[in-house]
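For reference, the structure discussed in these notes is given below.
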Amino acid sequence: MIYPIFTYGENILREKAKDVDLHDEGLSSLIADMFETMDNARGAGLAAPQIGVSKRIFIVEEEIRPGELFKGVFINPKISFSSSHTNSLTEGCLSFPGISASVVRPYSIHLEWYDENKKFHSENFGDIEARIIQHEYDHLEGMFFIDRIDAIDRLKLFMSLENIRNKKVKPFYAIV
Ligand code: CO
């Protein structure tokens, strides 16, 4: 089932999401619906709060280098290390249609999480993988990529952000 996507201005996006119960019966259908919704909207990542579900789960599916697919389900993720070395990359977000901005973040991270089979993982990620994970992880904390850009860049986005908040922006995918 394709869900409409909650966009900037919707309160649920600012909430800290709750831990997922790994024995939750509805978990596999939630994951399937998230992939369907993300594919439909042509996103690289999607966090549950973006479809109105305030739970700590996000998914990723993106060809990060030619022929190299980064795909995964991240349940109850924990970033246990962030490098002091940073990089700047352009980010966009399905909850911010039409907006992109350069964001500085740690270049590499260590992440612990459960996958869709309830298997525990503990791995390092760098560069684009780390970037996508950190962006999606922020959604579970009620944070946005625009919170991490400098004040002047944010000021430049002010009208675009107001237009999203006032539902004047109509992307090709369904929004709330
Ligand atoms: Co996002």
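A note on labels: chains of the structure tokens are A, B, ... as shown, every chain counts residues from 1, and ligands are counted from 1 in their shown order.
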Distance query range 138-143 of chain A at most 9 Å, only C-alpha atoms, self and fewer than 6 positions along chain excluded, as a PyMOL selection string:
chain A and resi 12-18+46-50+54-58
Would you output that residue set with N, CA, C and O atoms, as a CSV table (one decimal), in the first residue's frame?
```
chain,number,residue,atom,x,y,z
A,12,ILE,N,4.1,15.4,13.4
A,12,ILE,CA,4.7,14.1,13.7
A,12,ILE,C,6.2,14.0,13.3
A,12,ILE,O,7.0,13.3,13.9
A,13,LEU,N,6.5,14.8,12.3
A,13,LEU,CA,7.9,14.8,11.8
A,13,LEU,C,8.9,15.3,12.9
A,13,LEU,O,10.1,15.1,12.8
A,14,ARG,N,8.4,16.1,13.8
A,14,ARG,CA,9.2,16.7,14.9
A,14,ARG,C,9.3,15.8,16.1
A,14,ARG,O,9.9,16.2,17.1
A,15,GLU,N,8.5,14.7,16.2
A,15,GLU,CA,8.5,13.9,17.3
A,15,GLU,C,9.7,12.9,17.3
A,15,GLU,O,10.2,12.5,16.3
A,16,LYS,N,10.1,12.5,18.6
A,16,LYS,CA,11.1,11.5,18.7
A,16,LYS,C,10.4,10.2,18.6
A,16,LYS,O,9.4,9.9,19.3
A,17,ALA,N,10.8,9.3,17.6
A,17,ALA,CA,10.0,8.1,17.3
A,17,ALA,C,10.3,7.1,18.4
A,17,ALA,O,11.4,7.1,19.1
A,18,LYS,N,9.4,6.1,18.6
A,18,LYS,CA,9.5,5.1,19.6
A,18,LYS,C,10.1,3.9,19.1
A,18,LYS,O,10.0,3.5,17.9
A,46,LEU,N,13.6,6.3,3.3
A,46,LEU,CA,12.4,6.7,3.9
A,46,LEU,C,12.3,6.3,5.3
A,46,LEU,O,12.6,5.1,5.6
A,47,ALA,N,11.9,7.2,6.2
A,47,ALA,CA,11.8,6.8,7.6
A,47,ALA,C,10.3,6.8,8.0
A,47,ALA,O,9.5,7.5,7.4
A,48,ALA,N,10.0,5.8,8.9
A,48,ALA,CA,8.6,5.6,9.2
A,48,ALA,C,7.8,6.9,9.6
A,48,ALA,O,6.6,7.1,9.2
A,49,PRO,N,8.4,7.8,10.3
A,49,PRO,CA,7.6,9.0,10.6
A,49,PRO,C,7.1,9.8,9.4
A,49,PRO,O,6.1,10.5,9.4
A,50,GLN,N,7.9,9.6,8.3
A,50,GLN,CA,7.5,10.3,7.0
A,50,GLN,C,6.2,9.8,6.5
A,50,GLN,O,5.6,10.4,5.6
A,54,SER,N,5.2,6.8,14.0
A,54,SER,CA,6.3,7.3,14.8
A,54,SER,C,7.1,6.2,15.4
A,54,SER,O,7.1,6.0,16.7
A,55,LYS,N,7.8,5.4,14.6
A,55,LYS,CA,8.6,4.2,15.1
A,55,LYS,C,10.0,4.3,14.5
A,55,LYS,O,10.2,4.9,13.4
A,56,ARG,N,10.9,3.7,15.2
A,56,ARG,CA,12.3,3.8,14.9
A,56,ARG,C,12.7,2.8,13.8
A,56,ARG,O,13.3,1.7,14.1
A,57,ILE,N,12.3,3.1,12.6
A,57,ILE,CA,12.7,2.2,11.4
A,57,ILE,C,12.8,3.1,10.2
A,57,ILE,O,12.0,4.0,10.0
A,58,PHE,N,13.9,2.8,9.4
A,58,PHE,CA,14.0,3.5,8.1
A,58,PHE,C,14.5,2.5,7.1
A,58,PHE,O,15.1,1.4,7.5
```
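Selecting all polymer residues at most 8 Å from ligand 1, using only C-alpha atoms and all ligand atoms, gives Gly45, Leu46, Ala47, Gln50, Gly92, Cys93, Leu94, Ser95, Phe96, His135, Glu136, His139, Phe144 and Phe145 of chain A.
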When DSSP works through the backbone of this structure, what residues of chain A end up as helix (DSSP H, G or I), shown as a count of residues only?
55
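In this comparison, which uses only C-alpha atoms, the residue of A:Ile51, A:Val60, A:Met159, A:Val169 approaching Ala130 in chain A most closely is A:Val60.
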In Å, rounded to a single decimal, give me how far CA of Ser122 in chain A is from CA of Lys78 in chain A.
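Straight-line distance from CA of Lys78 in chain A to CA of Ser122 in chain A works out to 9.4 Å.
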Close residues, Asp150 in chain A itself excluded, 10 Å, only C-alpha atoms, min 4 positions apart in chain, as a ChimeraX atom specification
/A:102-104,146,154-155
Show which residues sit within 9 Å of range 67-75 of chain A, as a VMD selection string. Count only C-alpha atoms, and ignore same-chain residues fewer than 2 positions away.
chain A and resid 19 to 20 22 31 55 to 65 77 112 to 116 118 129 133
Go ahead and save the residues from that selection, with C-alpha atoms, as a CSV table (one decimal), in the first residue's frame.
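Saved file selection18.csv follows:
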```
chain,number,residue,atom,x,y,z
A,19,ASP,CA,11.4,1.9,19.6
A,20,VAL,CA,10.0,-0.9,17.4
A,22,LEU,CA,10.6,-6.7,17.0
A,31,ILE,CA,8.3,-2.6,5.7
A,55,LYS,CA,8.6,4.2,15.1
A,56,ARG,CA,12.3,3.8,14.9
A,57,ILE,CA,12.7,2.2,11.4
A,58,PHE,CA,14.0,3.5,8.1
A,59,ILE,CA,14.7,1.9,4.8
A,60,VAL,CA,17.2,2.7,2.1
A,61,GLU,CA,17.5,1.8,-1.6
A,62,GLU,CA,19.9,3.6,-3.8
A,63,GLU,CA,22.4,2.9,-6.5
A,64,ILE,CA,25.3,4.7,-4.8
A,65,ARG,CA,27.9,3.8,-7.4
A,77,PRO,CA,19.3,1.8,14.8
A,112,GLU,CA,24.1,-1.0,15.3
A,113,TRP,CA,20.6,-2.1,14.2
A,114,TYR,CA,18.2,-5.0,13.5
A,115,ASP,CA,17.2,-6.0,10.0
A,116,GLU,CA,13.8,-7.2,8.7
A,118,LYS,CA,15.3,-9.4,13.4
A,129,GLU,CA,26.1,5.2,2.8
A,133,ILE,CA,21.9,6.7,7.1
```
